[in-house]
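This is data.txt. It holds compact mmCIF, C-alpha atoms.
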# COMPACT_ATOMS: atom_id res chain seq x y z
CA MET A 125 8.50 19.11 -3.59
CA LYS A 126 5.79 19.92 -6.11
CA ILE A 127 4.18 16.70 -7.27
CA SER A 128 1.71 16.84 -10.14
CA HIS A 129 1.44 13.20 -11.27
CA HIS A 130 -0.06 10.79 -8.72
CA PRO A 131 -1.06 7.12 -8.59
CA SER A 132 -4.72 6.40 -9.36
CA GLU A 133 -7.16 6.03 -6.50
CA GLU A 134 -7.54 2.29 -7.19
CA LEU A 135 -3.79 1.77 -6.78
CA LEU A 136 -3.91 3.62 -3.45
CA VAL A 137 -6.89 1.49 -2.33
CA SER A 138 -5.02 -1.69 -3.36
CA TYR A 139 -2.02 -0.54 -1.32
CA ALA A 140 -4.29 0.07 1.69
CA SER A 141 -6.09 -3.26 1.33
CA GLY A 142 -2.81 -5.14 0.92
CA SER A 143 -3.80 -6.77 -2.37
CA MET A 144 -0.79 -5.46 -4.28
CA THR A 145 2.40 -7.46 -4.90
CA GLU A 146 5.62 -6.37 -3.19
CA PRO A 147 7.35 -4.74 -6.21
CA VAL A 148 4.29 -2.55 -6.94
CA ALA A 149 3.83 -1.73 -3.27
CA LEU A 150 7.51 -0.67 -3.13
CA VAL A 151 6.91 1.98 -5.82
CA ILE A 152 3.62 3.19 -4.32
CA ALA A 153 5.01 3.37 -0.75
CA THR A 154 8.08 5.30 -1.95
CA HIS A 155 5.76 7.80 -3.66
CA LEU A 156 3.74 8.00 -0.41
CA ALA A 157 6.90 8.93 1.53
CA MET A 158 7.12 11.99 -0.72
CA CYS A 159 3.40 12.79 -1.11
CA PRO A 160 1.23 13.86 1.86
CA ALA A 161 -1.88 14.16 -0.39
CA CYS A 162 -1.75 10.50 -1.40
CA ARG A 163 -1.07 9.47 2.21
CA ARG A 164 -4.41 11.04 3.15
CA ILE A 165 -6.20 8.96 0.50
CA VAL A 166 -4.49 5.81 1.81
CA ALA A 167 -5.53 6.74 5.37
CA ASP A 168 -9.13 7.10 4.13
CA ALA A 169 -8.96 3.69 2.48
CA GLU A 170 -7.51 2.14 5.65
CA ALA A 171 -10.40 3.66 7.61
CA THR A 172 -12.69 1.90 5.11
CA GLY A 173 -10.80 -1.34 5.87
CA GLY A 174 -11.44 -0.73 9.58
CA ALA A 175 -15.15 -0.19 8.97
CA LEU A 176 -15.30 -3.40 6.90
CA LEU A 177 -13.60 -5.31 9.73
CA GLU A 178 -16.34 -4.06 12.06
CA GLU A 179 -19.17 -5.20 9.79
CA LEU A 180 -17.85 -8.77 9.33
CA GLN A 181 -19.83 -11.56 10.95
CA PRO A 182 -17.50 -12.64 13.82
CA GLN A 183 -16.15 -16.21 13.63
CA ILE A 184 -16.35 -18.28 16.81
CA LEU A 185 -12.95 -18.96 18.41
CA ARG A 186 -11.71 -22.05 20.24
CA PRO A 187 -12.97 -22.00 23.87
CA ASP A 188 -9.47 -21.49 25.29
CA ALA A 189 -8.49 -18.77 22.78
CA LEU A 190 -8.54 -15.84 25.20
CA ASN A 191 -6.78 -17.71 28.02
CA SER A 192 -4.07 -18.96 25.75
CA ALA A 193 -3.56 -15.40 24.42
CA LEU A 194 -3.42 -14.00 27.97
CA GLU A 195 -0.84 -16.62 28.90
CA ARG A 196 1.30 -15.65 25.96
CA LEU A 197 1.19 -11.99 27.01
CA ASN A 198 3.55 -12.84 29.87
CA ASN A 199 6.25 -13.63 27.35
CA THR A 200 5.41 -10.74 25.05
CA HIS A 201 7.13 -7.48 25.78
CA GLY A 202 7.05 -4.02 24.25
CA ALA A 203 7.75 -3.27 20.62
CA PRO A 204 11.17 -4.64 19.62
CA ALA A 205 13.81 -1.98 19.04
CA GLN A 206 13.91 -0.90 15.39
CA LYS A 207 16.73 -2.57 13.56
CA SER A 208 19.23 0.07 12.64
CA ARG A 209 19.62 0.30 8.91
CA SER A 210 22.05 2.10 6.70
CA ASN A 211 20.83 5.37 5.32
CA PHE A 212 21.53 5.65 1.61
CA GLY A 213 19.68 8.93 1.25
CA ALA A 214 16.65 7.43 -0.51
CA PRO A 215 13.23 7.53 1.16
CA GLU A 216 11.95 4.45 2.97
CA PRO A 217 10.91 1.86 1.92
CA LEU A 218 13.21 2.15 -1.13
CA ASN A 219 16.21 2.75 1.14
CA SER A 220 15.83 -0.74 2.65
CA TYR A 221 16.07 -2.31 -0.82
CA LEU A 222 19.40 -0.61 -1.62
CA SER A 223 22.87 -1.80 -0.72
CA ARG A 224 24.62 1.50 -1.49
CA PRO A 225 23.68 5.15 -2.18
CA LEU A 226 21.89 5.84 -5.48
CA ASP A 227 24.96 7.71 -6.78
CA GLU A 228 27.09 4.59 -6.25
CA THR A 229 24.66 2.07 -7.73
CA LYS A 230 26.32 -0.75 -9.68
CA TRP A 231 24.46 -0.18 -12.92
CA ILE A 232 23.93 -2.72 -15.66
CA HIS A 233 24.23 -0.87 -18.96
CA VAL A 234 21.53 -1.68 -21.49
CA THR A 235 22.77 0.98 -23.92
CA PRO A 236 25.46 3.63 -23.41
CA TRP A 237 22.68 5.95 -22.22
CA LEU A 238 20.45 3.63 -20.29
CA ALA A 239 21.29 1.52 -17.23
CA ILE A 240 19.23 -0.59 -14.86
CA LYS A 241 19.53 -2.11 -11.40
CA PRO A 242 17.01 -4.86 -10.52
CA LEU A 243 15.62 -4.62 -6.97
CA THR A 244 12.89 -7.17 -6.39
CA THR A 245 10.70 -9.52 -8.42
CA ARG A 246 7.43 -11.35 -7.77
CA GLY A 247 5.99 -13.61 -10.43
CA GLY A 248 6.40 -11.61 -13.62
CA THR A 249 6.38 -8.26 -11.83
CA ARG A 250 9.69 -6.57 -11.18
CA ALA A 251 10.87 -3.36 -9.63
CA GLN A 252 14.11 -1.84 -10.82
CA LEU A 253 16.04 1.40 -10.84
CA ILE A 254 16.48 2.93 -14.28
CA ARG A 255 19.03 5.62 -15.06
CA SER A 256 18.92 7.67 -18.26
CA ALA A 257 21.76 9.94 -19.40
CA PRO A 258 20.97 13.67 -19.68
CA GLY A 259 18.90 14.42 -22.78
CA SER A 260 18.65 10.78 -23.78
CA GLY A 261 15.41 9.20 -24.88
CA VAL A 262 13.81 5.79 -24.97
CA SER A 263 12.45 5.25 -28.44
CA LEU A 264 8.71 5.16 -29.06
CA HIS A 265 7.19 2.19 -27.30
CA THR A 266 3.98 0.78 -25.91
CA HIS A 267 3.41 -1.46 -22.89
CA ARG A 268 2.04 -4.96 -22.82
CA GLY A 269 1.14 -4.61 -19.16
CA GLU A 270 0.98 -1.80 -16.65
CA GLU A 271 4.14 0.11 -15.85
CA LEU A 272 4.65 2.60 -13.02
CA THR A 273 7.62 4.97 -13.09
CA LEU A 274 8.51 7.10 -10.06
CA VAL A 275 11.11 9.85 -10.54
CA LEU A 276 13.76 9.88 -7.80
CA GLN A 277 16.33 12.30 -9.26
CA GLY A 278 16.33 14.54 -12.33
CA GLY A 279 13.28 14.40 -14.55
CA PHE A 280 11.88 13.46 -17.95
CA SER A 281 9.21 14.57 -20.39
CA ASP A 282 6.96 12.72 -22.77
CA GLU A 283 3.80 13.31 -24.76
CA TYR A 284 1.86 13.60 -21.48
CA GLY A 285 3.94 16.22 -19.66
CA HIS A 286 7.01 16.70 -17.46
CA TYR A 287 7.85 14.46 -14.54
CA GLY A 288 10.11 15.55 -11.67
CA PRO A 289 11.10 14.01 -8.31
CA GLY A 290 8.09 12.39 -6.62
CA ASP A 291 5.99 12.29 -9.81
CA LEU A 292 4.60 8.91 -10.74
CA GLN A 293 3.74 8.00 -14.30
CA THR A 294 1.29 5.21 -15.04
CA ALA A 295 1.57 3.58 -18.46
CA THR A 296 -0.96 1.01 -19.68
CA PRO A 297 -1.20 -1.00 -22.90
CA GLU A 298 -2.94 2.06 -24.40
CA THR A 299 0.00 4.36 -23.63
CA GLN A 300 2.39 5.04 -26.50
CA HIS A 301 5.15 7.44 -25.58
CA THR A 302 8.71 8.64 -26.11
CA PRO A 303 10.19 9.71 -22.76
CA ILE A 304 13.24 12.02 -22.90
CA ALA A 305 15.42 12.76 -19.86
CA ASP A 306 16.00 16.39 -18.86
CA MET A 307 19.17 17.94 -20.32
CA ASP A 308 20.82 19.04 -17.07
CA SER A 309 21.30 15.78 -15.15
CA TYR A 310 20.93 12.01 -15.05
CA CYS A 311 17.37 10.91 -14.50
CA ILE A 312 16.98 8.09 -11.96
CA ASN A 313 13.59 6.37 -11.78
CA LEU A 314 12.12 3.54 -9.75
CA ALA A 315 9.96 1.52 -12.14
CA VAL A 316 7.80 -1.55 -11.93
CA THR A 317 6.55 -3.53 -14.91
CA ASP A 318 4.62 -6.74 -15.32
CA ALA A 319 5.57 -7.32 -18.96
CA PRO A 320 8.36 -6.26 -21.34
CA LEU A 321 8.00 -3.06 -23.34
CA VAL A 322 6.99 -3.23 -26.98
CA PHE A 323 9.30 -1.10 -29.11
CA LYS A 324 8.16 0.33 -32.40
CA ASN A 325 11.70 -0.03 -33.77
CA TRP A 326 12.67 -3.72 -33.99
CA SER A 327 16.44 -3.26 -33.37
CA VAL A 328 15.79 -1.51 -30.05
CA GLY A 329 13.38 -4.35 -29.28
CA VAL A 330 16.15 -6.91 -29.79
CA ILE A 331 18.50 -5.05 -27.43
CA ALA A 332 15.74 -4.74 -24.87
CA LYS A 333 15.03 -8.45 -25.10
CA LEU A 334 18.70 -9.38 -24.68
CA PHE A 335 18.98 -7.33 -21.53
CA GLY A 336 15.57 -8.18 -20.15
CA PHE A 337 14.62 -4.51 -20.02
CA MET B 279 -19.93 7.13 24.87
CA SER B 280 -20.29 4.99 21.77
CA GLU B 281 -18.88 1.53 21.30
CA GLY B 282 -16.23 2.78 18.85
CA THR B 283 -14.85 5.34 21.29
CA ASP B 284 -14.86 2.67 24.01
CA LEU B 285 -12.69 0.44 21.87
CA ASN B 286 -10.32 3.34 21.17
CA SER B 287 -9.96 4.02 24.93
CA LEU B 288 -9.32 0.33 25.60
CA LEU B 289 -6.51 0.31 23.05
CA VAL B 290 -5.00 3.46 24.58
CA LEU B 291 -5.17 1.77 27.99
CA VAL B 292 -3.33 -1.30 26.69
CA GLY B 293 -0.62 0.94 25.26
CA ALA B 294 -0.25 3.20 28.28
CA ALA B 295 -0.63 0.68 31.12
CA GLN B 296 -0.41 -2.86 29.66
CA ASP B 297 -3.93 -3.29 31.02
CA ARG B 298 -4.84 -6.99 30.68
CA ALA B 299 -8.57 -6.50 31.23
CA ALA B 300 -8.64 -3.92 28.44
CA PHE B 301 -6.73 -6.35 26.23
CA ALA B 302 -9.21 -9.15 27.03
CA ALA B 303 -12.11 -6.88 26.00
CA LEU B 304 -10.37 -5.93 22.74
CA PHE B 305 -9.59 -9.59 22.10
CA GLY B 306 -13.24 -10.54 22.58
CA HIS B 307 -14.31 -7.93 20.05
CA PHE B 308 -11.59 -8.08 17.42
CA ALA B 309 -10.08 -11.60 17.38
CA PRO B 310 -13.30 -13.21 15.97
CA ARG B 311 -13.49 -10.45 13.34
CA ILE B 312 -9.83 -10.82 12.35
CA LYS B 313 -10.46 -14.56 12.01
CA ALA B 314 -13.44 -13.79 9.77
CA TYR B 315 -11.35 -11.31 7.73
CA LEU B 316 -8.61 -13.89 7.14
CA MET B 317 -11.15 -16.58 6.22
CA ARG B 318 -12.76 -14.20 3.70
CA LEU B 319 -9.31 -13.95 2.13
CA GLY B 320 -9.01 -17.71 1.83
CA ALA B 321 -7.31 -18.86 5.05
CA GLY B 322 -8.56 -22.09 6.64
CA SER B 323 -10.32 -21.87 9.99
CA ALA B 324 -7.37 -23.15 12.06
CA GLN B 325 -4.79 -20.93 10.33
CA ALA B 326 -7.11 -17.92 10.54
CA GLU B 327 -7.53 -18.45 14.27
CA ASP B 328 -3.79 -18.85 14.88
CA LEU B 329 -3.09 -15.69 12.91
CA ALA B 330 -5.88 -13.80 14.68
CA GLN B 331 -4.13 -14.64 17.95
CA GLU B 332 -0.78 -13.52 16.51
CA ALA B 333 -2.39 -10.28 15.35
CA MET B 334 -3.75 -9.59 18.85
CA LEU B 335 -0.30 -10.26 20.37
CA THR B 336 1.11 -7.72 17.91
CA VAL B 337 -1.59 -5.32 19.08
CA TRP B 338 -0.39 -5.89 22.66
CA ARG B 339 3.23 -5.25 21.74
CA LYS B 340 2.65 -2.19 19.58
CA ALA B 341 -0.33 -0.56 21.34
CA ALA B 342 1.89 2.25 22.66
CA LEU B 343 2.26 3.44 19.04
CA TYR B 344 -1.53 3.83 18.64
CA ASP B 345 -2.73 7.45 18.36
CA PRO B 346 -6.53 7.81 18.73
CA ALA B 347 -6.36 11.24 17.03
CA LYS B 348 -5.20 9.57 13.81
CA ALA B 349 -7.25 6.39 13.52
CA SER B 350 -9.96 4.36 15.17
CA ALA B 351 -8.99 1.16 16.98
CA ALA B 352 -10.73 -0.82 14.22
CA THR B 353 -8.66 0.91 11.52
CA TRP B 354 -5.39 0.48 13.39
CA ILE B 355 -6.10 -3.20 14.13
CA PHE B 356 -7.13 -3.71 10.48
CA THR B 357 -3.65 -2.54 9.39
CA VAL B 358 -2.00 -4.93 11.89
CA ALA B 359 -4.06 -7.87 10.55
CA ARG B 360 -3.41 -6.84 6.93
CA ASN B 361 0.37 -6.69 7.46
CA LEU B 362 0.39 -10.04 9.25
CA ARG B 363 -1.57 -11.60 6.38
CA ILE B 364 0.95 -10.32 3.81
CA ASP B 365 3.82 -11.61 5.93
CA ALA B 366 2.41 -14.99 7.01
CA ILE B 367 0.13 -16.01 4.12
CA ARG B 368 1.61 -14.28 1.09
CA ARG B 369 5.16 -14.47 2.49
CA GLU B 370 6.10 -11.07 1.17
CA ARG B 371 7.55 -7.97 2.72
CA ARG B 372 5.17 -5.06 3.18
CA PRO B 373 6.99 -1.97 1.88
CA ALA B 374 5.93 0.97 4.06
CA PHE B 375 7.02 4.58 4.45
CA ASP B 376 8.58 5.64 7.73
CA PRO B 377 7.52 9.03 9.18
CA ASN B 378 10.81 9.17 11.16
CA ASP B 379 12.93 8.79 8.03
CA ALA B 380 15.03 11.84 7.11
CA ALA B 381 13.81 11.70 3.49
CA PHE B 382 10.12 11.55 4.50
CA VAL B 383 8.16 14.62 3.31
CA PRO B 384 5.89 15.69 6.19
CA ASP B 385 2.42 17.12 5.66
CA ALA B 386 2.91 20.87 5.82
CA ASP B 387 -0.79 21.57 5.65
CA PRO B 388 -2.86 18.92 7.39
CA PRO B 389 -6.44 19.74 6.44
CA PRO B 390 -8.67 19.75 9.51
CA ASP B 391 -11.68 17.44 9.54
CA SER B 392 -11.28 16.29 5.96
CA GLY B 393 -10.14 12.72 6.45
CA LEU B 394 -12.17 9.59 7.03
CA GLU B 395 -9.44 8.42 9.32
CA ARG B 396 -10.35 10.44 12.39
CA ALA B 397 -11.13 8.13 15.23
CA GLU B 398 -14.63 9.36 15.97
CA ASP B 399 -15.70 8.86 12.36
CA GLY B 400 -15.88 5.08 12.48
CA GLU B 401 -19.63 4.88 12.89
CA THR B 402 -20.47 7.61 10.38
CA LEU B 403 -18.29 5.78 7.90
CA ARG B 404 -20.07 2.48 8.49
CA ALA B 405 -23.42 4.21 8.04
CA ALA B 406 -22.21 5.76 4.79
CA MET B 407 -21.07 2.33 3.59
CA GLU B 408 -24.52 0.91 4.23
CA VAL B 409 -26.19 3.41 1.92
CA LEU B 410 -23.70 3.02 -0.95
CA PRO B 411 -25.32 1.76 -4.15
CA PRO B 412 -24.87 -2.04 -4.05
CA GLU B 413 -22.72 -2.16 -7.18
CA GLN B 414 -20.28 0.35 -5.63
CA ALA B 415 -20.24 -1.40 -2.24
CA GLU B 416 -19.46 -4.68 -4.03
CA ILE B 417 -16.31 -3.21 -5.58
CA VAL B 418 -15.19 -1.72 -2.25
CA ARG B 419 -15.63 -5.08 -0.49
CA MET B 420 -13.89 -7.00 -3.27
CA SER B 421 -10.99 -4.52 -3.10
CA PHE B 422 -10.46 -5.56 0.51
CA TYR B 423 -11.51 -9.22 0.48
CA SER B 424 -10.28 -10.65 -2.79
CA ASP B 425 -6.49 -10.07 -2.74
CA LYS B 426 -6.67 -9.33 -6.45
CA PRO B 427 -5.82 -6.31 -8.60
CA HIS B 428 -8.77 -4.43 -10.05
CA SER B 429 -8.08 -5.83 -13.53
CA GLU B 430 -8.83 -9.33 -12.18
CA ILE B 431 -11.84 -8.14 -10.22
CA ALA B 432 -13.17 -6.69 -13.49
CA ARG B 433 -12.58 -9.98 -15.33
CA GLU B 434 -14.31 -11.93 -12.59
CA LEU B 435 -17.37 -9.68 -12.66
CA GLY B 436 -17.40 -9.56 -16.47
CA LEU B 437 -17.16 -5.75 -16.38
CA PRO B 438 -14.86 -3.37 -18.25
CA LEU B 439 -11.94 -2.28 -16.05
CA GLY B 440 -13.01 1.35 -16.49
CA THR B 441 -16.40 0.56 -14.91
CA VAL B 442 -14.76 -1.07 -11.90
CA LYS B 443 -12.42 1.90 -11.47
CA SER B 444 -15.18 4.48 -11.75
CA ARG B 445 -17.42 2.61 -9.27
CA LEU B 446 -14.55 2.48 -6.79
CA ARG B 447 -13.82 6.20 -7.23
CA LEU B 448 -17.49 7.10 -6.83
CA ALA B 449 -17.71 4.96 -3.68
CA MET B 450 -14.57 6.46 -2.11
CA GLY B 451 -15.84 9.94 -3.02
CA ARG B 452 -19.17 9.27 -1.31
CA LEU B 453 -17.48 7.92 1.81
CA ARG B 454 -15.29 11.03 1.98
CA GLN B 455 -18.27 13.30 1.34
CA ALA B 456 -20.29 11.65 4.10
CA MET B 457 -17.49 12.61 6.50
CA GLY B 458 -17.17 16.14 5.14
CA GLY B 459 -20.89 16.69 5.65
CA ARG B 460 -20.46 16.24 9.38
CA GLU B 461 -19.95 19.21 11.61

Take the structure from the file and write it as structure tokens.
Amino acid sequence: MKISHHPSEELLVSYASGSMTEPVALVIATHLAMCPACRRIVADAEATGGALLEELQPQILRPDALNSALERLNNTHGAPAQKSRSNFGAPEPLNSYLSRPLDETKWIHVTPWLAIKPLTTRGGTRAQLIRSAPGSGVSLHTHRGEELTLVLQGGFSDEYGHYGPGDLQTATPETQHTPIADMDSYCINLAVTDAPLVFKNWSVGVIAKLFGF
Amino acid sequence: MSEGTDLNSLLVLVGAAQDRAAFAALFGHFAPRIKAYLMRLGAGSAQAEDLAQEAMLTVWRKAALYDPAKASAATWIFTVARNLRIDAIRRERRPAFDPNDAAFVPDADPPPDSGLERAEDGETLRAAMEVLPPEQAEIVRMSFYSDKPHSEIARELGLPLGTVKSRLRLAMGRLRQAMGGRE
């Protein structure tokens, strides 16, 4: 897998520090499953977290803290067996958020060419699968918030380049683009947004609003 | 043998032999720091202490999974405390990749000696952190202790987001470079 579009370093640091909400972390961690280079950056950031833990001024514990922990060890046994989970062919952690294989997703059609499947939401931030028909485009739009789009199958192009499986596109309020799916197959993306898109064409905007896209 | 390597060996001993004395020594070192970490992130003293104990019990249960070639004990225990915080305080799942998953893309070309994560690098890394320019160190610490995205950190500091991002990148670059400069 040749990945040329990666999350920014600050997103990887936020994933390592644990200060990212679950829907965003789902997209970043799914990219990490496919991208050894970004895993190394996360490992570096976690090492920084370890060094910060070492430099903290220790807080005094209750006098019986150690004894009570040692007592509890007697009832604490090895790591619990991993729960077996269905394999839907998508990388973890995305796989755990699916209830069927990607090809059998129960899509909600927004237009004849565009379908979505919501996965998880926190506050105003939501992660969803988005499927675009071959060669179809999403009309010119901007973003009120930050949007991350991870390609799972197929690919798309926009003013900034081509995105294939494993590539992650970051769109900010400054990004104005017209993504078009590759001609040869459906494009399935995992996307997270914290605000609705702003379409340049009002009728598309109305449809988007109706369907909460 | 330095203190960091000692801690790594203690954690290996807990994993390999359920050594209670080794666990007690790790507890004495890390539980008060985990408590401090959780309090920095807004937990009350009592909750932070309860969770620090939970974190150390997780360390006991999972110690067999610790690999000293991949991370220092401090780094590994940091990730345990972080995950527990997300689960117990934020009440969210922590989405994580799984190296045993069939769809996981393994690292075909692990670069030798390039990561900060190697166990023996803990002290060099701490030294490098101490000589970071204060405005860069501040962003690194806030990234770990504020539970906020960088856009909010920028707002709080009254800085443009771009400045916060570039300080963080410079800091991470320096930390990596400090490691690379070692033999």

>> Show me, as a list in words, the residues of chain B whose atoms get within 6 Å of chain A, using all atoms listed in the file for the distance check.
In response: Pro310, Arg311, Ala314, Arg339, Lys340, Ala352, Thr353, Phe356, Pro373, Ala374, Phe375, Asp376, Ala381, Phe382, Val383, Asp385, Leu394, Glu395, Arg404, Phe422, Asp425 and Lys426 of chain B

> With all atoms listed in the file as the atoms that count, which of A:Asp188, A:Ala239, A:Leu274, A:Leu292 lies nearest to Pro131 of chain A?
Replying inline: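 Closest candidate: A:Leu292.
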
>> Under the rule that only C-alpha atoms are counted, which of B:Leu285, B:Leu343, B:Leu329, B:Ala415 is the nearest residue to Lys313 of chain B?
In response: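 Looking only at the distances to Lys313 of chain B, the closest residue turns out to be B:Leu329.
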
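If you count only C-alpha atoms and ignore residues fewer than 2 places along the chain from Val358 of chain B, what sits within 10 Å of it is Ile312, Glu332, Ala333, Met334, Thr336, Val337, Lys340, Ala352, Thr353, Trp354, Ile355, Phe356, Arg360, Asn361, Leu362 and Arg363 of chain B.
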
For the residues selected in the previous step, produce a file with C-alpha atoms as a PDB file, in the coordinates of the input.
ATOM      1  CA  ILE B 312      -9.830 -10.820  12.350  1.00  0.00           C
ATOM      2  CA  GLU B 332      -0.780 -13.520  16.510  1.00  0.00           C
ATOM      3  CA  ALA B 333      -2.390 -10.280  15.350  1.00  0.00           C
ATOM      4  CA  MET B 334      -3.750  -9.590  18.850  1.00  0.00           C
ATOM      5  CA  THR B 336       1.110  -7.720  17.910  1.00  0.00           C
ATOM      6  CA  VAL B 337      -1.590  -5.320  19.080  1.00  0.00           C
ATOM      7  CA  LYS B 340       2.650  -2.190  19.580  1.00  0.00           C
ATOM      8  CA  ALA B 352     -10.730  -0.820  14.220  1.00  0.00           C
ATOM      9  CA  THR B 353      -8.660   0.910  11.520  1.00  0.00           C
ATOM     10  CA  TRP B 354      -5.390   0.480  13.390  1.00  0.00           C
ATOM     11  CA  ILE B 355      -6.100  -3.200  14.130  1.00  0.00           C
ATOM     12  CA  PHE B 356      -7.130  -3.710  10.480  1.00  0.00           C
ATOM     13  CA  ARG B 360      -3.410  -6.840   6.930  1.00  0.00           C
ATOM     14  CA  ASN B 361       0.370  -6.690   7.460  1.00  0.00           C
ATOM     15  CA  LEU B 362       0.390 -10.040   9.250  1.00  0.00           C
ATOM     16  CA  ARG B 363      -1.570 -11.600   6.380  1.00  0.00           C
TER      17      ARG B 363
END

> What is the distance between atom CA of Glu327 of chain B and atom CA of Ala406 of chain B, in Å to one decimal?
Replying inline: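 Taking atom CA of Glu327 of chain B as the start and atom CA of Ala406 of chain B as the end point, the length is 29.9 Å.
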
>> Just checking: using all atoms listed in the file, which residue out of A:Val275, A:His265, A:Asp306, A:Ile240 ends up closest to Gln293 of chain A?
In response: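 Of all the options, A:Val275 lies closest to Gln293 of chain A.
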
> Which residue, B:Trp338, B:Gly400, B:Met450, B:Pro412, has the smallest gap to Ala294 of chain B when you use only C-alpha atoms?
Replying inline: B:Trp338

>> Ranking A:Thr294, A:Ser128, A:Thr302, A:Thr229 by minimum distance to Ser263 of chain A and counting only C-alpha atoms, which one comes first?
In response: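 The shortest atom-to-atom distance to Ser263 of chain A comes from A:Thr302.
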
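Closest to Thr357 of chain B among B:Arg419, B:Tyr315, B:Ala302, B:Ser323 is B:Tyr315, based on only C-alpha atoms.
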
> Could you work out how far atom CA of Leu238 of chain A lies from atom CA of Met307 of chain A, giving the answer in Å with one decimal?
Replying inline: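 Pair atom CA of Met307 of chain A / atom CA of Leu238 of chain A returns 14.4 Å.
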
>> Report, in Å with one decimal, the straight-line distance from atom CA of Leu291 of chain B to atom CA of Ala309 of chain B.
In response: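 It comes out at 17.8 Å.
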